[in-house]
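For reference, the structure is listed below as structure tokens.
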Amino acid sequence: AGLYATISKEVFENVNLINLTIHGEPYDQKPPLLFWLGAFGFSVGSVTNFWFKLPVLLLIFAGIYWAFRLGESLYNRKTGILTAVILLTSVIYLLYSMDIHTDTPLQAFVTLALWQLFEFIKTGRNKFWITGFIAIGLAMLSKGPVGAAIPAFAVVGHLLLTKDFKRFLDYRWYVGILIAMVVASPAIIGL
């Protein structure tokens with residue numbers, strides 16, 4: 001967390017969202033979203049541990065809510081509540097929530113993507129399609145290609161298991177990939 005806070009501080013001080021640095025040296029080990037969140041916290045408050053961690057804490061709560069909505073959408077309200085409680089009491093999730101990691105925003109945005117894409121499959125509504133692919137792009141900005149791989153395996157697996165092959169012909173899936181890539185482009189440009 002100290003390393004990430006230092007990078008966030010340099011993003012905040014230099015106002016350079018693309019070319020990340022640590023102690024003036026280039027840093028290309030992680031995608032930028034976590035550092036942007038930290039820099040945002042610093043700009044709202046001050047350069048302190050609290051303001052560095054607050055945006056991620058809010059994202060943790062959003063991730064728990066999105067997990068609830070995913071469980072509810074897939075099954076029912078009781079399952080949604082159970083999903084949120086299991087996530088909230090998961091030891092690894094609690095540890096990642098106390099010490100800032102890129103996995104925390106990854107989990108939140110992958111969960112949002114899965115919820116929205118499942119709603120898109122159920123309803124065909126564009127608002128779910130767009131939000132789902134924006135969330136995939138944000139997941140990629142959090143942790144790289146794994147942010148796209150997890151939703152891709154889940155959605156493709158779901159469509160194959162339900163034998164809903166005609167869905168693969170919907171052009172919106174392929175346009176969605178472009179949306180996700182545009183959202184994730186600052187990480188690619190920074191490299």
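Residues in the structure tokens are named by chain (A, B, ... in the order shown) and by number from 1 within that chain; ligands are numbered from 1 in the order shown.
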field: Expected answer as an MDAnalysis selection string: helix (DSSP H, G or I) residues in chain A
entry: chainID A and resid 2:14 33:44 49:74 77:89 91:98 103:123 126:143 146:161 165:169 171:190
Dump as a Markdown table the rows for residues of stretch 16-58 of chain A within 12 Å of stretch 63-70 of chain A: closest atom pair and distance in Å with one decimal, only C-alpha atoms counted, ordered by chain and rising residue number.
| residue | atom | partner | partner_atom | distance |
| --- | --- | --- | --- | --- |
| A:Val56 | CA | A:Gly63 | CA | 10.1 |
| A:Leu57 | CA | A:Gly63 | CA | 9.7 |
| A:Leu58 | CA | A:Gly63 | CA | 8.6 |
message: Quick one: residues within 8 Å of stretch 11-16 of chain A, only C-alpha atoms, excluding same-chain residues fewer than 2 positions away - as a PyMOL selection string?
response: chain A and resi 7-9+18-21+35-36+39-40+42-43
Closest contacts (stretch 16-40 of chain A/stretch 92-112 of chain A, max 12 Å, only C-alpha atoms) as JSON lines:
{"residue": "A:Gln29", "atom": "CA", "partner": "A:Thr102", "partner_atom": "CA", "distance": 11.2}
{"residue": "A:Lys30", "atom": "CA", "partner": "A:Thr102", "partner_atom": "CA", "distance": 8.0}
{"residue": "A:Pro31", "atom": "CA", "partner": "A:Thr102", "partner_atom": "CA", "distance": 8.6}
{"residue": "A:Pro32", "atom": "CA", "partner": "A:Thr102", "partner_atom": "CA", "distance": 9.6}
{"residue": "A:Leu33", "atom": "CA", "partner": "A:Pro105", "partner_atom": "CA", "distance": 8.3}
{"residue": "A:Leu34", "atom": "CA", "partner": "A:Thr102", "partner_atom": "CA", "distance": 6.3}
{"residue": "A:Phe35", "atom": "CA", "partner": "A:Thr102", "partner_atom": "CA", "distance": 9.4}
{"residue": "A:Trp36", "atom": "CA", "partner": "A:Pro105", "partner_atom": "CA", "distance": 11.7}
{"residue": "A:Leu37", "atom": "CA", "partner": "A:Pro105", "partner_atom": "CA", "distance": 9.8}
{"residue": "A:Gly38", "atom": "CA", "partner": "A:Ile100", "partner_atom": "CA", "distance": 9.9}
Serialized selection, N, CA and C atoms, as an mmCIF file, in the first residue's frame:
data_model
loop_
_atom_site.group_PDB
_atom_site.id
_atom_site.type_symbol
_atom_site.label_atom_id
_atom_site.label_comp_id
_atom_site.auth_asym_id
_atom_site.auth_seq_id
_atom_site.Cartn_x
_atom_site.Cartn_y
_atom_site.Cartn_z
ATOM 1 N N GLN A 29 4.279 -1.463 -13.737
ATOM 2 C CA GLN A 29 3.976 -2.787 -13.196
ATOM 3 C C GLN A 29 2.485 -3.077 -13.088
ATOM 4 N N LYS A 30 1.671 -2.060 -12.894
ATOM 5 C CA LYS A 30 0.222 -2.231 -12.708
ATOM 6 C C LYS A 30 -0.520 -1.206 -13.552
ATOM 7 N N PRO A 31 -1.738 -1.544 -13.966
ATOM 8 C CA PRO A 31 -2.570 -0.547 -14.657
ATOM 9 C C PRO A 31 -2.903 0.620 -13.721
ATOM 10 N N PRO A 32 -3.345 1.752 -14.257
ATOM 11 C CA PRO A 32 -3.399 2.993 -13.478
ATOM 12 C C PRO A 32 -4.617 3.227 -12.590
ATOM 13 N N LEU A 33 -5.693 2.466 -12.685
ATOM 14 C CA LEU A 33 -6.924 2.847 -12.002
ATOM 15 C C LEU A 33 -6.753 3.011 -10.497
ATOM 16 N N LEU A 34 -6.061 2.097 -9.846
ATOM 17 C CA LEU A 34 -5.867 2.197 -8.402
ATOM 18 C C LEU A 34 -5.147 3.493 -8.028
ATOM 19 N N PHE A 35 -4.191 3.899 -8.836
ATOM 20 C CA PHE A 35 -3.434 5.116 -8.563
ATOM 21 C C PHE A 35 -4.291 6.361 -8.822
ATOM 22 N N TRP A 36 -5.146 6.273 -9.817
ATOM 23 C CA TRP A 36 -6.080 7.378 -10.065
ATOM 24 C C TRP A 36 -7.035 7.547 -8.885
ATOM 25 N N LEU A 37 -7.505 6.418 -8.349
ATOM 26 C CA LEU A 37 -8.401 6.494 -7.189
ATOM 27 C C LEU A 37 -7.696 7.154 -6.006
ATOM 28 N N GLY A 38 -6.449 6.764 -5.761
ATOM 29 C CA GLY A 38 -5.686 7.368 -4.674
ATOM 30 C C GLY A 38 -5.462 8.853 -4.899
#
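Between A:Pro186 and the residues A:Gly137, A:Gly157, A:Pro151, A:Pro145, the shortest atom-to-atom distance, using only C-alpha atoms, involves A:Gly137.
Among the candidates A:Tyr27, A:Val146, A:Lys78, A:Ala152, the one nearest to A:Leu114 when counting only C-alpha atoms is A:Ala152.
Secondary structure by DSSP on the backbone puts the following residues of chain A in strand (DSSP E): Thr21, Ile22, Glu25 and Pro26 of chain A.
Take atom CA of A:Val47 and atom CA of A:Met140: the distance between them is 26.3 Å.
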message: Show me, as a count of residues only, the residues that have an atom within 8 Å of A:Leu138 when counting only C-alpha atoms, minus same-chain residues fewer than 3 positions from it.
response: 11
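Across the structure, atom CA of A:Gly144 and atom CA of A:Pro26 are spaced 17.8 Å apart.
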